[in-house]
file model_32.csv (CSV, C-alpha atoms)
chain,number,residue,atom,x,y,z
A,961,MET,CA,-81.9,73.7,-41.9
A,962,LEU,CA,-79.9,76.3,-40.0
A,963,LYS,CA,-78.7,73.7,-37.6
A,964,LYS,CA,-76.9,71.5,-40.1
A,965,PRO,CA,-73.9,73.7,-40.6
A,966,THR,CA,-73.6,73.9,-36.8
A,967,ILE,CA,-73.6,70.1,-36.6
A,968,TYR,CA,-71.1,69.8,-39.4
A,969,LEU,CA,-68.9,72.4,-37.8
A,970,ALA,CA,-69.0,70.6,-34.5
A,971,ILE,CA,-68.1,67.3,-36.2
A,972,PHE,CA,-65.3,69.0,-38.1
A,973,SER,CA,-64.0,70.8,-35.0
A,974,PHE,CA,-64.1,67.5,-33.1
A,975,SER,CA,-62.2,65.8,-35.9
A,976,VAL,CA,-59.6,68.5,-36.0
A,977,SER,CA,-59.2,68.3,-32.2
A,978,VAL,CA,-58.7,64.6,-32.4
A,979,ALA,CA,-56.1,65.0,-35.2
A,980,VAL,CA,-54.3,67.8,-33.2
A,981,ALA,CA,-54.4,65.6,-30.1
A,982,GLN,CA,-52.9,62.7,-32.0
A,983,ASP,CA,-50.3,65.0,-33.5
A,984,ASP,CA,-49.5,66.4,-30.1
A,985,ALA,CA,-49.2,62.8,-28.7
A,986,GLU,CA,-47.0,61.7,-31.6
A,987,PHE,CA,-44.8,64.8,-31.2
A,988,GLU,CA,-44.5,64.3,-27.5
A,989,GLN,CA,-43.6,60.7,-28.1
A,990,TYR,CA,-41.0,61.9,-30.7
A,991,LEU,CA,-39.5,64.2,-28.1
A,992,LYS,CA,-39.3,61.5,-25.5
A,993,GLU,CA,-37.6,59.2,-28.0
A,994,GLN,CA,-35.2,62.0,-29.0
A,995,GLN,CA,-34.4,62.7,-25.4
A,996,ALA,CA,-33.9,59.0,-24.7
A,997,GLU,CA,-31.5,58.8,-27.7
A,998,PHE,CA,-29.6,61.9,-26.6
A,999,GLN,CA,-29.3,60.5,-23.1
A,1000,LYS,CA,-28.1,57.2,-24.5
A,1001,PHE,CA,-25.5,59.1,-26.5
A,1002,GLN,CA,-24.4,61.1,-23.5
A,1003,ASN,CA,-24.1,57.9,-21.4
A,1004,LYS,CA,-22.1,56.3,-24.1
A,1005,ARG,CA,-19.8,59.3,-24.3
A,1006,GLU,CA,-19.4,59.4,-20.5
A,1007,GLN,CA,-18.5,55.7,-20.5
A,1008,GLU,CA,-16.0,56.4,-23.2
A,1009,PHE,CA,-14.4,59.2,-21.1
A,1010,GLN,CA,-14.2,57.1,-18.0
A,1011,ALA,CA,-12.8,54.1,-19.9
A,1012,PHE,CA,-10.1,56.4,-21.2
A,1013,VAL,CA,-9.2,57.5,-17.7
A,1014,GLU,CA,-9.1,53.9,-16.4
A,1015,ARG,CA,-7.1,52.7,-19.4
A,1016,TRP,CA,-4.5,55.5,-18.9
A,1017,LYS,CA,-4.2,55.0,-15.1
A,1018,LYS,CA,-3.9,51.3,-15.6
A,1019,ALA,CA,-1.1,51.8,-18.1
A,1020,GLU,CA,0.7,54.2,-15.8
A,1021,GLN,CA,0.5,51.8,-12.8
A,1022,ALA,CA,1.7,48.8,-14.9
A,1023,TYR,CA,4.7,50.7,-16.1
A,1024,LYS,CA,5.5,52.0,-12.7
A,1025,ASN,CA,5.4,48.4,-11.3
A,1026,GLU,CA,7.8,47.4,-14.1
A,1027,ILE,CA,10.2,50.2,-13.2
A,1028,SER,CA,10.0,49.4,-9.5
A,1029,GLU,CA,11.7,46.1,-10.0
A,1030,LYS,CA,14.9,48.0,-10.5
A,1031,TRP,CA,14.4,51.5,-9.2
A,1032,GLU,CA,13.3,52.1,-5.6
A,1033,ASP,CA,12.2,55.6,-6.5
A,1034,ALA,CA,10.3,54.8,-9.6
A,1035,LYS,CA,9.6,58.1,-11.4
A,1036,LEU,CA,7.2,58.7,-14.3
A,1037,PRO,CA,6.9,61.7,-16.6
A,1038,ASP,CA,4.8,64.5,-14.9
A,1039,LYS,CA,3.8,68.1,-15.5
A,1040,LYS,CA,7.3,69.6,-15.5
A,1041,ARG,CA,9.6,66.6,-16.0
A,1042,TRP,CA,10.2,64.2,-18.9
A,1043,VAL,CA,11.4,60.9,-17.6
A,1044,GLU,CA,12.6,58.1,-19.9
A,1045,TYR,CA,14.2,54.7,-19.2
A,1046,SER,CA,16.4,52.6,-21.4
A,1047,GLU,CA,15.0,49.3,-22.7
A,1048,ASP,CA,16.8,47.3,-20.0
A,1049,LYS,CA,15.7,49.8,-17.4
A,1050,ASN,CA,19.3,50.3,-16.2
A,1051,ARG,CA,19.5,54.0,-17.4
A,1052,ARG,CA,17.1,56.8,-16.5
A,1053,THR,CA,17.1,60.3,-18.1
A,1054,ILE,CA,15.2,63.1,-16.5
A,1055,VAL,CA,14.7,66.5,-18.2
A,1056,ASP,CA,13.5,68.9,-15.5
A,1057,TYR,CA,12.0,71.8,-17.3
A,1058,GLU,CA,11.2,73.7,-14.1
A,1059,ASN,CA,14.8,73.6,-12.7
A,1060,ASN,CA,16.4,73.6,-16.2
A,1061,THR,CA,18.5,70.5,-15.7
A,1062,ILE,CA,19.1,67.1,-17.4
A,1063,THR,CA,20.0,64.2,-15.1
A,1064,VAL,CA,21.3,60.9,-16.4
A,1065,GLU,CA,21.3,58.0,-13.9
A,1066,VAL,CA,22.9,54.6,-14.4
A,1067,LEU,CA,22.5,51.4,-12.3
A,1068,GLY,CA,25.3,48.9,-11.8
A,1069,GLU,CA,29.0,49.1,-11.2
A,1070,THR,CA,30.7,51.2,-13.8
A,1071,ASP,CA,33.6,53.7,-13.8
A,1072,ASP,CA,33.2,57.5,-14.2
A,1073,SER,CA,34.3,57.6,-17.8
A,1074,ASN,CA,31.5,55.2,-18.8
A,1075,VAL,CA,28.9,57.2,-16.9
A,1076,LEU,CA,30.1,60.5,-18.5
A,1077,GLY,CA,30.0,58.8,-21.9
A,1078,THR,CA,26.4,57.6,-21.4
A,1079,ALA,CA,25.5,61.2,-20.3
A,1080,LYS,CA,27.1,62.6,-23.4
A,1081,SER,CA,25.3,60.2,-25.6
A,1082,GLU,CA,22.0,61.0,-24.0
A,1083,ILE,CA,22.5,64.8,-24.5
A,1084,LYS,CA,23.2,64.1,-28.2
A,1085,ARG,CA,20.1,61.9,-28.5
A,1086,LEU,CA,17.8,64.5,-26.8
A,1087,ASN,CA,19.1,67.2,-29.0
A,1088,GLU,CA,18.1,65.1,-32.0
A,1089,THR,CA,14.7,63.9,-30.6
A,1090,SER,CA,11.5,65.9,-31.2
A,1091,ALA,CA,8.6,65.8,-28.7
A,1092,GLU,CA,6.6,63.9,-31.3
A,1093,GLU,CA,9.2,61.2,-31.6
A,1094,ALA,CA,9.5,60.9,-27.8
A,1095,ALA,CA,5.7,60.5,-27.5
A,1096,GLU,CA,5.7,57.9,-30.3
A,1097,SER,CA,8.0,55.6,-28.1
A,1098,ASP,CA,6.3,56.4,-24.8
A,1099,PRO,CA,5.5,53.0,-23.2
A,1100,ILE,CA,2.5,54.4,-21.2
A,1101,ILE,CA,0.9,55.9,-24.3
A,1102,ILE,CA,1.5,52.7,-26.2
A,1103,ASN,CA,0.2,50.5,-23.4
A,1104,ALA,CA,-2.9,52.7,-23.1
A,1105,GLY,CA,-3.6,52.0,-26.8
A,1106,MET,CA,-3.0,55.6,-27.8
A,1107,ALA,CA,0.2,55.4,-29.9
A,1108,VAL,CA,1.1,58.7,-31.4
A,1109,ASN,CA,2.0,58.7,-35.0
A,1110,ASN,CA,0.9,61.8,-37.0
A,1111,ARG,CA,3.9,61.9,-39.3
A,1112,SER,CA,3.7,60.2,-42.6
A,1113,GLN,CA,6.8,58.6,-44.2
A,1114,GLN,CA,6.9,61.5,-46.7
A,1115,GLN,CA,7.1,64.1,-43.9
A,1116,PRO,CA,10.5,65.0,-42.6
A,1117,LYS,CA,11.4,64.6,-39.0
A,1118,ARG,CA,10.6,67.7,-36.9
A,1119,SER,CA,13.6,69.8,-36.2
A,1120,GLU,CA,12.5,71.1,-32.9
A,1121,SER,CA,14.3,69.4,-30.0
A,1122,LEU,CA,12.4,67.9,-27.1
A,1123,LEU,CA,14.6,70.2,-25.0
A,1124,GLY,CA,13.6,73.3,-26.8
A,1125,TYR,CA,17.2,74.3,-26.7
A,1126,LYS,CA,20.4,72.7,-28.2
A,1127,VAL,CA,22.6,71.6,-25.3
A,1128,ASP,CA,26.3,71.4,-25.7
A,1129,GLU,CA,27.2,67.7,-25.5
A,1130,GLN,CA,30.7,68.4,-24.2
A,1131,LYS,CA,29.1,69.8,-21.0
A,1132,ALA,CA,28.4,66.3,-19.9
A,1133,SER,CA,32.1,65.4,-19.9
A,1134,GLN,CA,32.8,68.2,-17.6
A,1135,GLN,CA,30.4,67.2,-14.8
A,1136,LYS,CA,31.1,65.4,-11.6
A,1137,VAL,CA,29.8,61.9,-11.2
A,1138,ARG,CA,27.8,61.3,-8.0
A,1139,ARG,CA,27.2,57.9,-6.5
A,1140,SER,CA,24.6,56.4,-4.1
A,1141,GLY,CA,24.6,52.7,-3.6
A,1142,ASN,CA,24.7,51.0,-7.0
A,1143,ARG,CA,23.6,54.2,-8.7
A,1144,ALA,CA,25.8,56.8,-10.5
A,1145,SER,CA,24.4,60.1,-11.8
A,1146,VAL,CA,25.4,63.2,-13.8
A,1147,THR,CA,23.4,66.4,-13.8
A,1148,ILE,CA,23.8,69.0,-16.5
A,1149,LYS,CA,22.6,72.5,-15.9
A,1150,MET,CA,21.1,74.2,-18.9
A,1151,PRO,CA,21.7,77.9,-19.3
A,1152,ASP,CA,19.0,80.5,-18.5
A,1153,THR,CA,18.7,81.2,-22.3
A,1154,ALA,CA,17.1,77.7,-22.6
A,1155,LEU,CA,13.9,79.1,-21.0
A,1156,SER,CA,13.9,82.1,-23.4
A,1157,GLU,CA,14.2,79.7,-26.3
A,1158,ARG,CA,11.2,77.7,-25.1
A,1159,VAL,CA,9.2,80.9,-24.8
A,1160,LYS,CA,10.0,81.8,-28.3
A,1161,ARG,CA,9.0,78.4,-29.6
A,1162,VAL,CA,5.4,78.8,-28.2
A,1163,LEU,CA,5.0,82.5,-28.8
A,1164,PRO,CA,3.6,82.4,-32.3
A,1165,ALA,CA,0.8,80.0,-31.3
A,1166,ALA,CA,0.1,82.0,-28.1
A,1167,GLU,CA,-0.2,85.2,-30.1
A,1168,THR,CA,-2.5,83.7,-32.7
A,1169,TYR,CA,-5.0,82.1,-30.3
A,1170,ALA,CA,-4.8,84.9,-27.7
A,1171,LEU,CA,-5.8,87.3,-30.5
A,1172,GLN,CA,-8.6,85.0,-31.7
A,1173,TRP,CA,-10.1,84.5,-28.3
A,1174,GLY,CA,-9.6,88.0,-26.8
A,1175,LEU,CA,-6.9,87.2,-24.3
A,1176,PRO,CA,-3.6,88.9,-23.5
A,1177,THR,CA,-0.7,86.9,-25.1
A,1178,GLU,CA,1.3,87.4,-21.9
A,1179,LEU,CA,-1.5,85.6,-19.9
A,1180,VAL,CA,-1.4,82.6,-22.2
A,1181,ILE,CA,2.4,82.4,-21.8
A,1182,ALA,CA,2.1,82.8,-18.0
A,1183,VAL,CA,-0.4,79.9,-17.9
A,1184,ILE,CA,1.9,77.7,-20.0
A,1185,HIS,CA,4.8,78.5,-17.7
A,1186,THR,CA,2.8,77.8,-14.5
A,1187,GLU,CA,1.1,74.7,-15.8
A,1188,SER,CA,4.1,72.9,-17.5
A,1189,SER,CA,7.2,75.0,-17.5
A,1190,PHE,CA,7.0,74.6,-21.3
A,1191,ASN,CA,7.3,70.8,-21.1
A,1192,PRO,CA,5.6,69.8,-24.4
A,1193,LEU,CA,4.9,66.3,-23.1
A,1194,ALA,CA,3.5,67.4,-19.7
A,1195,ARG,CA,1.0,65.1,-18.0
A,1196,SER,CA,-0.5,64.8,-14.6
A,1197,HIS,CA,-2.3,62.0,-12.6
A,1198,ILE,CA,-5.7,63.5,-13.2
A,1199,PRO,CA,-4.9,63.0,-16.2
A,1200,ALA,CA,-4.2,66.2,-17.9
A,1201,PHE,CA,-2.0,66.7,-21.0
A,1202,GLY,CA,0.3,69.2,-22.8
A,1203,LEU,CA,1.6,72.7,-22.3
A,1204,MET,CA,-1.7,74.1,-20.9
A,1205,GLN,CA,-2.6,70.9,-19.1
A,1206,ILE,CA,-6.0,70.2,-20.6
A,1207,VAL,CA,-8.2,67.6,-18.8
A,1208,PRO,CA,-10.1,65.6,-21.5
A,1209,THR,CA,-12.9,64.7,-19.1
A,1210,SER,CA,-13.7,68.2,-17.8
A,1211,ALA,CA,-12.3,71.2,-19.7
A,1212,GLY,CA,-12.1,69.0,-22.8
A,1213,LYS,CA,-15.8,68.6,-22.9
A,1214,ASP,CA,-16.4,72.4,-22.9
A,1215,ILE,CA,-13.8,73.0,-25.5
A,1216,THR,CA,-15.0,70.4,-28.0
A,1217,GLN,CA,-18.6,71.3,-27.5
A,1218,PHE,CA,-17.8,74.9,-28.2
A,1219,LEU,CA,-15.5,74.2,-31.2
A,1220,HIS,CA,-17.3,71.2,-32.8
A,1221,GLY,CA,-20.9,71.4,-31.5
A,1222,GLN,CA,-20.5,68.1,-29.6
A,1223,GLN,CA,-18.3,66.7,-26.8
A,1224,ARG,CA,-15.3,64.7,-28.0
A,1225,LEU,CA,-12.5,63.0,-26.3
A,1226,LEU,CA,-9.2,64.9,-26.7
A,1227,SER,CA,-6.5,62.2,-26.7
A,1228,PRO,CA,-2.9,62.7,-25.6
A,1229,GLU,CA,-2.0,62.5,-29.3
A,1230,TYR,CA,-4.1,65.6,-29.9
A,1231,LEU,CA,-3.0,67.5,-26.7
A,1232,PHE,CA,0.7,66.9,-27.1
A,1233,ASP,CA,0.6,68.9,-30.3
A,1234,PRO,CA,1.7,72.4,-29.1
A,1235,ASN,CA,-0.6,74.4,-31.5
A,1236,ARG,CA,-3.7,72.3,-30.7
A,1237,ASN,CA,-3.0,72.4,-27.0
A,1238,ILE,CA,-2.6,76.2,-26.9
A,1239,GLN,CA,-5.7,76.6,-29.0
A,1240,ALA,CA,-7.7,74.3,-26.5
A,1241,GLY,CA,-6.3,76.1,-23.5
A,1242,SER,CA,-7.1,79.6,-25.0
A,1243,VAL,CA,-10.7,78.5,-25.8
A,1244,TYR,CA,-11.2,77.2,-22.3
A,1245,PHE,CA,-9.9,80.5,-20.8
A,1246,HIS,CA,-12.3,82.3,-23.2
A,1247,LEU,CA,-15.2,80.3,-21.9
A,1248,LEU,CA,-14.3,80.9,-18.3
A,1249,LEU,CA,-14.3,84.7,-19.0
A,1250,ASN,CA,-17.3,84.9,-21.3
A,1251,ARG,CA,-19.5,82.1,-20.1
A,1252,TYR,CA,-18.9,81.2,-16.5
A,1253,PHE,CA,-18.0,84.7,-15.2
A,1254,LYS,CA,-19.7,86.8,-17.9
A,1255,ASN,CA,-21.8,88.7,-15.4
A,1256,VAL,CA,-18.7,90.0,-13.5
A,1257,ARG,CA,-18.5,93.6,-14.7
A,1258,ASN,CA,-14.9,94.5,-14.0
A,1259,SER,CA,-12.6,92.8,-16.5
A,1260,GLN,CA,-9.7,92.5,-14.0
A,1261,SER,CA,-11.9,90.8,-11.4
A,1262,ARG,CA,-13.1,88.4,-14.1
A,1263,PHE,CA,-9.5,87.6,-15.0
A,1264,TYR,CA,-8.7,86.8,-11.4
A,1265,MET,CA,-11.6,84.5,-11.1
A,1266,ALA,CA,-10.9,82.8,-14.4
A,1267,ILE,CA,-7.2,82.2,-13.5
A,1268,ALA,CA,-8.3,80.6,-10.3
A,1269,ALA,CA,-11.0,78.6,-12.1
A,1270,TYR,CA,-8.5,77.3,-14.7
A,1271,ASN,CA,-6.7,75.5,-11.8
A,1272,THR,CA,-9.7,74.5,-9.6
A,1273,GLY,CA,-12.8,74.8,-11.6
A,1274,PRO,CA,-15.6,77.5,-11.7
A,1275,GLY,CA,-17.6,75.8,-9.0
A,1276,ASN,CA,-14.8,76.0,-6.5
A,1277,VAL,CA,-14.3,79.7,-7.3
A,1278,ALA,CA,-18.0,80.4,-6.8
A,1279,ARG,CA,-17.8,78.5,-3.4
A,1280,ALA,CA,-14.8,80.7,-2.4
A,1281,MET,CA,-16.8,83.8,-3.2
A,1282,THR,CA,-20.1,82.9,-1.7
A,1283,ASN,CA,-19.9,79.5,0.0
A,1284,THR,CA,-22.2,78.2,-2.7
A,1285,THR,CA,-21.6,76.8,-6.2
A,1286,SER,CA,-23.9,79.5,-7.8
A,1287,LEU,CA,-22.0,81.4,-10.5
A,1288,LYS,CA,-24.7,84.1,-10.4
A,1289,LYS,CA,-24.2,84.7,-6.7
A,1290,ALA,CA,-20.4,84.7,-7.2
A,1291,SER,CA,-20.6,87.3,-9.9
A,1292,LYS,CA,-22.9,89.4,-7.8
A,1293,ALA,CA,-20.5,89.3,-4.9
A,1294,ALA,CA,-17.6,90.2,-7.2
A,1295,ASN,CA,-19.5,93.2,-8.5
A,1296,GLN,CA,-19.7,94.6,-5.0
A,1297,MET,CA,-15.9,94.5,-4.7
A,1298,SER,CA,-12.9,96.2,-6.3
A,1299,PRO,CA,-10.5,94.0,-8.3
A,1300,ALA,CA,-8.0,94.2,-5.4
A,1301,GLN,CA,-10.7,93.0,-3.0
A,1302,VAL,CA,-11.7,90.1,-5.3
A,1303,TYR,CA,-8.1,89.0,-5.5
A,1304,GLN,CA,-7.6,89.2,-1.7
A,1305,HIS,CA,-11.0,87.5,-1.1
A,1306,LEU,CA,-9.9,84.6,-3.3
A,1307,MET,CA,-6.5,84.4,-1.6
A,1308,THR,CA,-8.3,84.2,1.7
A,1309,TYR,CA,-11.1,81.8,1.0
A,1310,LEU,CA,-9.9,79.5,-1.8
A,1311,PRO,CA,-9.6,76.2,0.0
A,1312,ALA,CA,-6.5,74.8,-1.8
A,1313,THR,CA,-3.1,76.3,-1.2
A,1314,GLU,CA,-2.2,75.1,-4.7
A,1315,THR,CA,-4.8,77.3,-6.2
A,1316,LYS,CA,-3.7,80.3,-4.2
A,1317,ASN,CA,-0.1,79.8,-5.3
A,1318,TYR,CA,-1.3,79.3,-8.9
A,1319,LEU,CA,-3.2,82.6,-8.9
A,1320,THR,CA,-0.1,84.4,-7.5
A,1321,LYS,CA,2.3,82.8,-10.0
A,1322,VAL,CA,0.1,83.4,-13.0
A,1323,THR,CA,-0.5,87.1,-12.2
A,1324,GLU,CA,3.2,87.7,-11.4
A,1325,ARG,CA,4.4,85.9,-14.6
A,1326,GLU,CA,1.8,87.7,-16.7
A,1327,ALA,CA,3.3,91.0,-15.6
A,1328,HIS,CA,6.8,89.7,-16.2
A,1329,TYR,CA,6.1,88.5,-19.8
A,1330,GLN,CA,4.2,91.7,-20.6
A,1331,GLN,CA,7.4,93.6,-19.9
A,1332,ALA,CA,9.9,91.0,-21.1
A,1333,LEU,CA,8.1,90.5,-24.5
A,1334,GLY,CA,7.2,94.2,-24.9
A,1335,LEU,CA,3.5,93.3,-25.2
call {"tool": "encode", "arguments": {"input": "model_32.csv", "output": "structure tokens"}}
result
Amino acid sequence: MLKKPTIYLAIFSFSVSVAVAQDDAEFEQYLKEQQAEFQKFQNKREQEFQAFVERWKKAEQAYKNEISEKWEDAKLPDKKRWVEYSEDKNRRTIVDYENNTITVEVLGETDDSNVLGTAKSEIKRLNETSAEEAAESDPIIINAGMAVNNRSQQQPKRSESLLGYKVDEQKASQQKVRRSGNRASVTIKMPDTALSERVKRVLPAAETYALQWGLPTELVIAVIHTESSFNPLARSHIPAFGLMQIVPTSAGKDITQFLHGQQRLLSPEYLFDPNRNIQAGSVYFHLLLNRYFKNVRNSQSRFYMAIAAYNTGPGNVARAMTNTTSLKKASKAANQMSPAQVYQHLMTYLPATETKNYLTKVTEREAHYQQALGL
């Protein structure tokens, strides 16, 4: 009689074990299914990102081919220049934000007065055109299937000029017409105060997001200056977009994962909005400081490494520090140096001259804006 409970207990224990094993097997299968679904989602997202890049580059090349039929030196908008052609492609207008100039070029035989009149009309049009309106009519954006149109019919036209500064139209009439072959051109130099006006335009957003993400405002301004020279429609071949040159397929992933809990594709439409772009760039710099290089104890050393990484990526900075892509080893190496030594090490071992120049420009401009803005 004493053995029955033992037998029943054994049977019960066996039953429980079978049930637990079944539960474990089901849970393991569930995890596998979840992982497969997540991987499927990630693959789909990656395909979406790559499709975007291909679509954008195809639209760029198609428009460049179209322009090349009339212009030997076909130019497209880039990081620091806004380039726009007339519908018949006989007129080209270039706003060079870095050199602070506006150049109007005309093809075909025409006298000086006509060229100057065209230049004057272009200055007037640019003064009255917002960055949003310019983006709405950008043929590359349209052909890539990403037409920008955030403004409803009830909303008034934005008053901020694409130039960031109102240029005197009469200046065009006072310029010399230059000729080369069948091309005539006029270049208008904008005053130095135009740069100051562009800084003032982005300063409120820079202050807001710098405060929110623990960054010096002067650093955010310095990055904007170095990345785009305050060109609100900046873009590069990578492609990267906007004032702080956000790359949707790399930095954009980190930014959206951090802000929204999942990776999203940041479109040109999103990134050409100055406030959104400055928010995105500030978040990414915050992540560089507080995620990628969080183990670097000295704050100045961390900033140097983050500035370089903003241009070339954390992995390349780690490689410059230790000849490996290990962020842990890079941080350990930095902790054995003074900030001045970290800076010098980066200037010596960063492989790209572009990144070395970038680190120099951002740090110098940060000091300049700290003094100029009284920050």
call {"tool": "residues_around", "arguments": {"input": "model_32.csv", "residues": "region 1303-1310 of chain A", "least_positions_apart": "3", "cutoff": "12 Å", "atoms": "all atoms listed in the file", "output": "JSON, numbers by chain"}}
result
{"A": [1260, 1261, 1262, 1263, 1264, 1265, 1266, 1267, 1268, 1269, 1271, 1272, 1273, 1274, 1275, 1276, 1277, 1278, 1279, 1280, 1281, 1282, 1283, 1290, 1293, 1294, 1296, 1297, 1298, 1299, 1300, 1313, 1314, 1315, 1316, 1317, 1318, 1319, 1320, 1323]}
call {"tool": "atom_distance", "arguments": {"input": "model_32.csv", "atom1": "CA of Lys1254 (chain A)", "atom2": "CA of Asn1295 (chain A)"}}
result
11.4 Å
call {"tool": "closest_residue", "arguments": {"input": "model_32.csv", "among": "A:Ala1094, A:Gln1301, A:Pro1228, A:Gly1105", "to": "Asn1258 (chain A)", "atoms": "all atoms listed in the file"}}
result
A:Gln1301
call {"tool": "residues_near_point", "arguments": {"input": "model_32.csv", "point": "(17.6, 64.1, -27.3)", "cutoff": "10 Å", "atoms": "all atoms listed in the file", "output": "list in words"}}
result
Thr1053, Val1055, Ser1081, Glu1082, Ile1083, Lys1084, Arg1085, Leu1086, Asn1087, Glu1088, Thr1089, Ser1090, Ala1091, Glu1093, Ala1094, Ser1121, Leu1122, Leu1123, Lys1126 and Val1127 of chain A
call {"tool": "closest_residue", "arguments": {"input": "model_32.csv", "among": "A:Ser1242, A:Asn1235, A:Thr1061, A:Gln1223", "to": "Ala1170 (chain A)", "atoms": "all atoms listed in the file"}}
result
A:Ser1242
call {"tool": "residues_around", "arguments": {"input": "model_32.csv", "residues": "Glu1032 (chain A)", "least_positions_apart": "4", "cutoff": "12 Å", "atoms": "all atoms listed in the file", "output": "list of chain:residue names"}}
result
A:Lys1024, A:Asn1025, A:Glu1026, A:Ile1027, A:Ser1028, A:Leu1067, A:Gly1141, A:Asn1142, A:Arg1143
call {"tool": "atom_distance", "arguments": {"input": "model_32.csv", "atom1": "CA of Ile1181 (chain A)", "atom2": "CA of Leu1155 (chain A)"}}
result
12.0 Å
call {"tool": "closest_residue", "arguments": {"input": "model_32.csv", "among": "A:Leu1193, A:Ile1198, A:Val1162, A:Ala1182", "to": "Val1322 (chain A)", "atoms": "all atoms listed in the file"}}
result
A:Ala1182
call {"tool": "residues_around", "arguments": {"input": "model_32.csv", "residues": "region 1036-1045 of chain A", "least_positions_apart": "2", "cutoff": "6 Å", "atoms": "only C-alpha atoms", "output": "PyMOL selection string"}}
result
chain A and resi 1049+1051-1058+1188-1189+1191+1194-1196
call {"tool": "closest_residue", "arguments": {"input": "model_32.csv", "among": "A:Trp1031, A:Ala1022, A:Leu1226, A:Glu1157", "to": "Thr1209 (chain A)", "atoms": "all atoms listed in the file"}}
result
A:Leu1226
call {"tool": "atom_distance", "arguments": {"input": "model_32.csv", "atom1": "CA of Asn1060 (chain A)", "atom2": "CA of Met1150 (chain A)"}}
result
5.5 Å
call {"tool": "closest_residue", "arguments": {"input": "model_32.csv", "among": "A:Lys1160, A:His1246, A:Lys1136, A:His1185", "to": "Glu1326 (chain A)", "atoms": "all atoms listed in the file"}}
result
A:His1185
call {"tool": "residues_around", "arguments": {"input": "model_32.csv", "residues": "Ala1132 (chain A)", "least_positions_apart": "3", "cutoff": "7 Å", "atoms": "all atoms listed in the file", "output": "list in words"}}
result
Leu1076, Ala1079, Lys1080, Glu1129, Gln1135 and Ile1148 of chain A
call {"tool": "closest_residue", "arguments": {"input": "model_32.csv", "among": "A:Pro1208, A:Val1243, A:Ile1238, A:Gln1331", "to": "Glu1167 (chain A)", "atoms": "all atoms listed in the file"}}
result
A:Ile1238
call {"tool": "residues_around", "arguments": {"input": "model_32.csv", "residues": "Asn1237 (chain A)", "least_positions_apart": "2", "cutoff": "9 Å", "atoms": "all atoms listed in the file", "output": "VMD selection string"}}
result
chain A and resid 1201 to 1206 1230 to 1235 1239 to 1242
